[in-house]
Amino acid sequence: MPSLPFVIIKFVILQNGYAFRLFLANTKEIALLKERITPEGVLQYRDTPESIELERKFINLPKISGALHGQLYPAFGSTAALAKRWLSAQLLDDWHFPQVVVELLVARLFLEPYPLQPPQQPQVAFLRFLDVLATTNWYVEPVIINFNGLLTRDQVTEIEKHFTSQRACLPAMFVATPYDTSGRLWTQKAPTLANLVRLAKLASLTLRLIENYLVSSQPVDKLLVGWVYKEDIFNIEFIFLQNPYIFYGGLAISNI
């Protein structure tokens, strides 16, 4: 029996000039979406794309968000913002590199900084983030973020064994947390291997640029605005330049 479509109720709440998007869903829908009746009339429960998406968005994501916002590191938020801004400058949005994955990688810099100390400044943490992208071999190195020490040593070992034995079936980047030990929940579709290879080159070039600036007399703020966050368009095959339009009264009026 095909899976049933599910409906997510959405609200947009305006408060003091800010817009908040509110989603309402019933967790019982997950079980309903997993139901499947065999030709013999036996009721079975199997994951479906719809049930996985609903569970990811309304059960796993709130847990991850709570764990991330519970970090007692003042530089975490600013570092995540710098990392997302840099990825955006490389023309990579949430579709290419999910923002939750960015935040998980940044959180790992603070939770598992060894042999270094947790960074105290967002600039330092951002450099470490670039170094992770530039030097990590994602095919042989799993990412395991152990929030609040919820994973025991034996559980971490089991995750590592699973990663090694099932590597060919796992996504390009393996990210496991206490709330998802499969390592595929957040990175099943993205980032792809091609994007990771491209990011490694871009991160390496950015680090080299920053190192050159550090030994020069030019201000760092000029570096960030002028070059670190400058779009890389040299590897883009097509660039569409769109004239700005003003939509008024149902008519598209070009101001050029």
# chains A, B, ... in the order shown; residues from 1 in each chain; ligands from 1
$ residues_around --residues "Phe129 in chain A" --least-positions-apart "3" --cutoff "12 Å" --atoms "only C-alpha atoms" --output "ChimeraX atom specification"
/A:76,79-84,86-87,102-110,113,119,122-126,132-136,199-200,203-204,206-207
$ select_by_dssp --residues "range 29-72 of chain A" --states "strand (DSSP E)" --output "list in words"
Glu35, Arg36, Ile37, Leu43, Gln44 and Tyr45 of chain A
$ select_by_dssp --residues "range 9-136 of chain A" --states "alpha helix (DSSP H)" --output "ChimeraX atom specification"
/A:28-34,49-55,61-69,76-89,99-111,122-135
$ closest_residue --among "A:Phe23, A:Tyr73, A:Trp138, A:Phe163" --to "Asn195 in chain A" --atoms "only C-alpha atoms"
A:Trp138
$ residues_around --residues "Gln44 in chain A" --least-positions-apart "4" --cutoff "8 Å" --atoms "only C-alpha atoms" --output "list in words"
Lys34, Glu35, Arg36, Ile37 and Thr38 of chain A
$ decode --residues "range 160-214 of chain A" --atoms "C-alpha atoms" --output "PDB file, in the first residue's frame"
ATOM      1  CA  GLU A 160      33.184   3.502  14.378  1.00  0.00           C
ATOM      2  CA  LYS A 161      32.791  -0.192  13.520  1.00  0.00           C
ATOM      3  CA  HIS A 162      29.548   0.560  11.693  1.00  0.00           C
ATOM      4  CA  PHE A 163      31.271   3.337   9.766  1.00  0.00           C
ATOM      5  CA  THR A 164      34.133   1.049   8.722  1.00  0.00           C
ATOM      6  CA  SER A 165      32.023  -1.950   7.735  1.00  0.00           C
ATOM      7  CA  GLN A 166      29.283  -0.008   5.922  1.00  0.00           C
ATOM      8  CA  ARG A 167      31.385   2.795   4.431  1.00  0.00           C
ATOM      9  CA  ALA A 168      30.396   2.079   0.834  1.00  0.00           C
ATOM     10  CA  CYS A 169      26.699   2.513   1.698  1.00  0.00           C
ATOM     11  CA  LEU A 170      27.073   5.662   3.790  1.00  0.00           C
ATOM     12  CA  PRO A 171      26.992   9.304   2.630  1.00  0.00           C
ATOM     13  CA  ALA A 172      30.127  11.230   1.707  1.00  0.00           C
ATOM     14  CA  MET A 173      30.189  12.885   5.146  1.00  0.00           C
ATOM     15  CA  PHE A 174      29.335  10.698   8.139  1.00  0.00           C
ATOM     16  CA  VAL A 175      27.960  12.729  11.063  1.00  0.00           C
ATOM     17  CA  ALA A 176      26.752  10.857  14.151  1.00  0.00           C
ATOM     18  CA  THR A 177      25.294  12.243  17.377  1.00  0.00           C
ATOM     19  CA  PRO A 178      23.681  10.667  20.461  1.00  0.00           C
ATOM     20  CA  TYR A 179      20.335  11.304  18.762  1.00  0.00           C
ATOM     21  CA  ASP A 180      21.308   9.622  15.491  1.00  0.00           C
ATOM     22  CA  THR A 181      24.023   6.984  15.481  1.00  0.00           C
ATOM     23  CA  SER A 182      23.405   5.967  11.864  1.00  0.00           C
ATOM     24  CA  GLY A 183      25.476   8.916  10.629  1.00  0.00           C
ATOM     25  CA  ARG A 184      23.257   9.552   7.632  1.00  0.00           C
ATOM     26  CA  LEU A 185      20.311  11.548   8.954  1.00  0.00           C
ATOM     27  CA  TRP A 186      21.679  15.021   8.174  1.00  0.00           C
ATOM     28  CA  THR A 187      24.047  14.258   5.289  1.00  0.00           C
ATOM     29  CA  GLN A 188      22.200  11.659   3.236  1.00  0.00           C
ATOM     30  CA  LYS A 189      21.648  14.059   0.328  1.00  0.00           C
ATOM     31  CA  ALA A 190      24.314  16.690   0.939  1.00  0.00           C
ATOM     32  CA  PRO A 191      27.116  17.586   0.964  1.00  0.00           C
ATOM     33  CA  THR A 192      28.174  15.502  -2.005  1.00  0.00           C
ATOM     34  CA  LEU A 193      31.694  14.254  -2.605  1.00  0.00           C
ATOM     35  CA  ALA A 194      32.163  16.784  -5.407  1.00  0.00           C
ATOM     36  CA  ASN A 195      31.229  19.667  -3.107  1.00  0.00           C
ATOM     37  CA  LEU A 196      33.533  18.393  -0.357  1.00  0.00           C
ATOM     38  CA  VAL A 197      36.451  18.223  -2.781  1.00  0.00           C
ATOM     39  CA  ARG A 198      35.711  21.741  -3.996  1.00  0.00           C
ATOM     40  CA  LEU A 199      35.377  23.034  -0.433  1.00  0.00           C
ATOM     41  CA  ALA A 200      38.710  21.488   0.523  1.00  0.00           C
ATOM     42  CA  LYS A 201      40.437  23.456  -2.236  1.00  0.00           C
ATOM     43  CA  LEU A 202      38.603  26.685  -1.415  1.00  0.00           C
ATOM     44  CA  ALA A 203      39.283  26.353   2.313  1.00  0.00           C
ATOM     45  CA  SER A 204      42.966  25.705   1.643  1.00  0.00           C
ATOM     46  CA  LEU A 205      43.196  28.799  -0.568  1.00  0.00           C
ATOM     47  CA  THR A 206      41.355  30.904   2.012  1.00  0.00           C
ATOM     48  CA  LEU A 207      43.710  29.792   4.777  1.00  0.00           C
ATOM     49  CA  ARG A 208      46.707  30.616   2.617  1.00  0.00           C
ATOM     50  CA  LEU A 209      45.254  34.051   1.886  1.00  0.00           C
ATOM     51  CA  ILE A 210      44.664  34.742   5.578  1.00  0.00           C
ATOM     52  CA  GLU A 211      48.197  33.642   6.452  1.00  0.00           C
ATOM     53  CA  ASN A 212      49.605  36.054   3.877  1.00  0.00           C
ATOM     54  CA  TYR A 213      47.502  38.869   5.299  1.00  0.00           C
ATOM     55  CA  LEU A 214      48.577  38.141   8.854  1.00  0.00           C
TER      56      LEU A 214
END
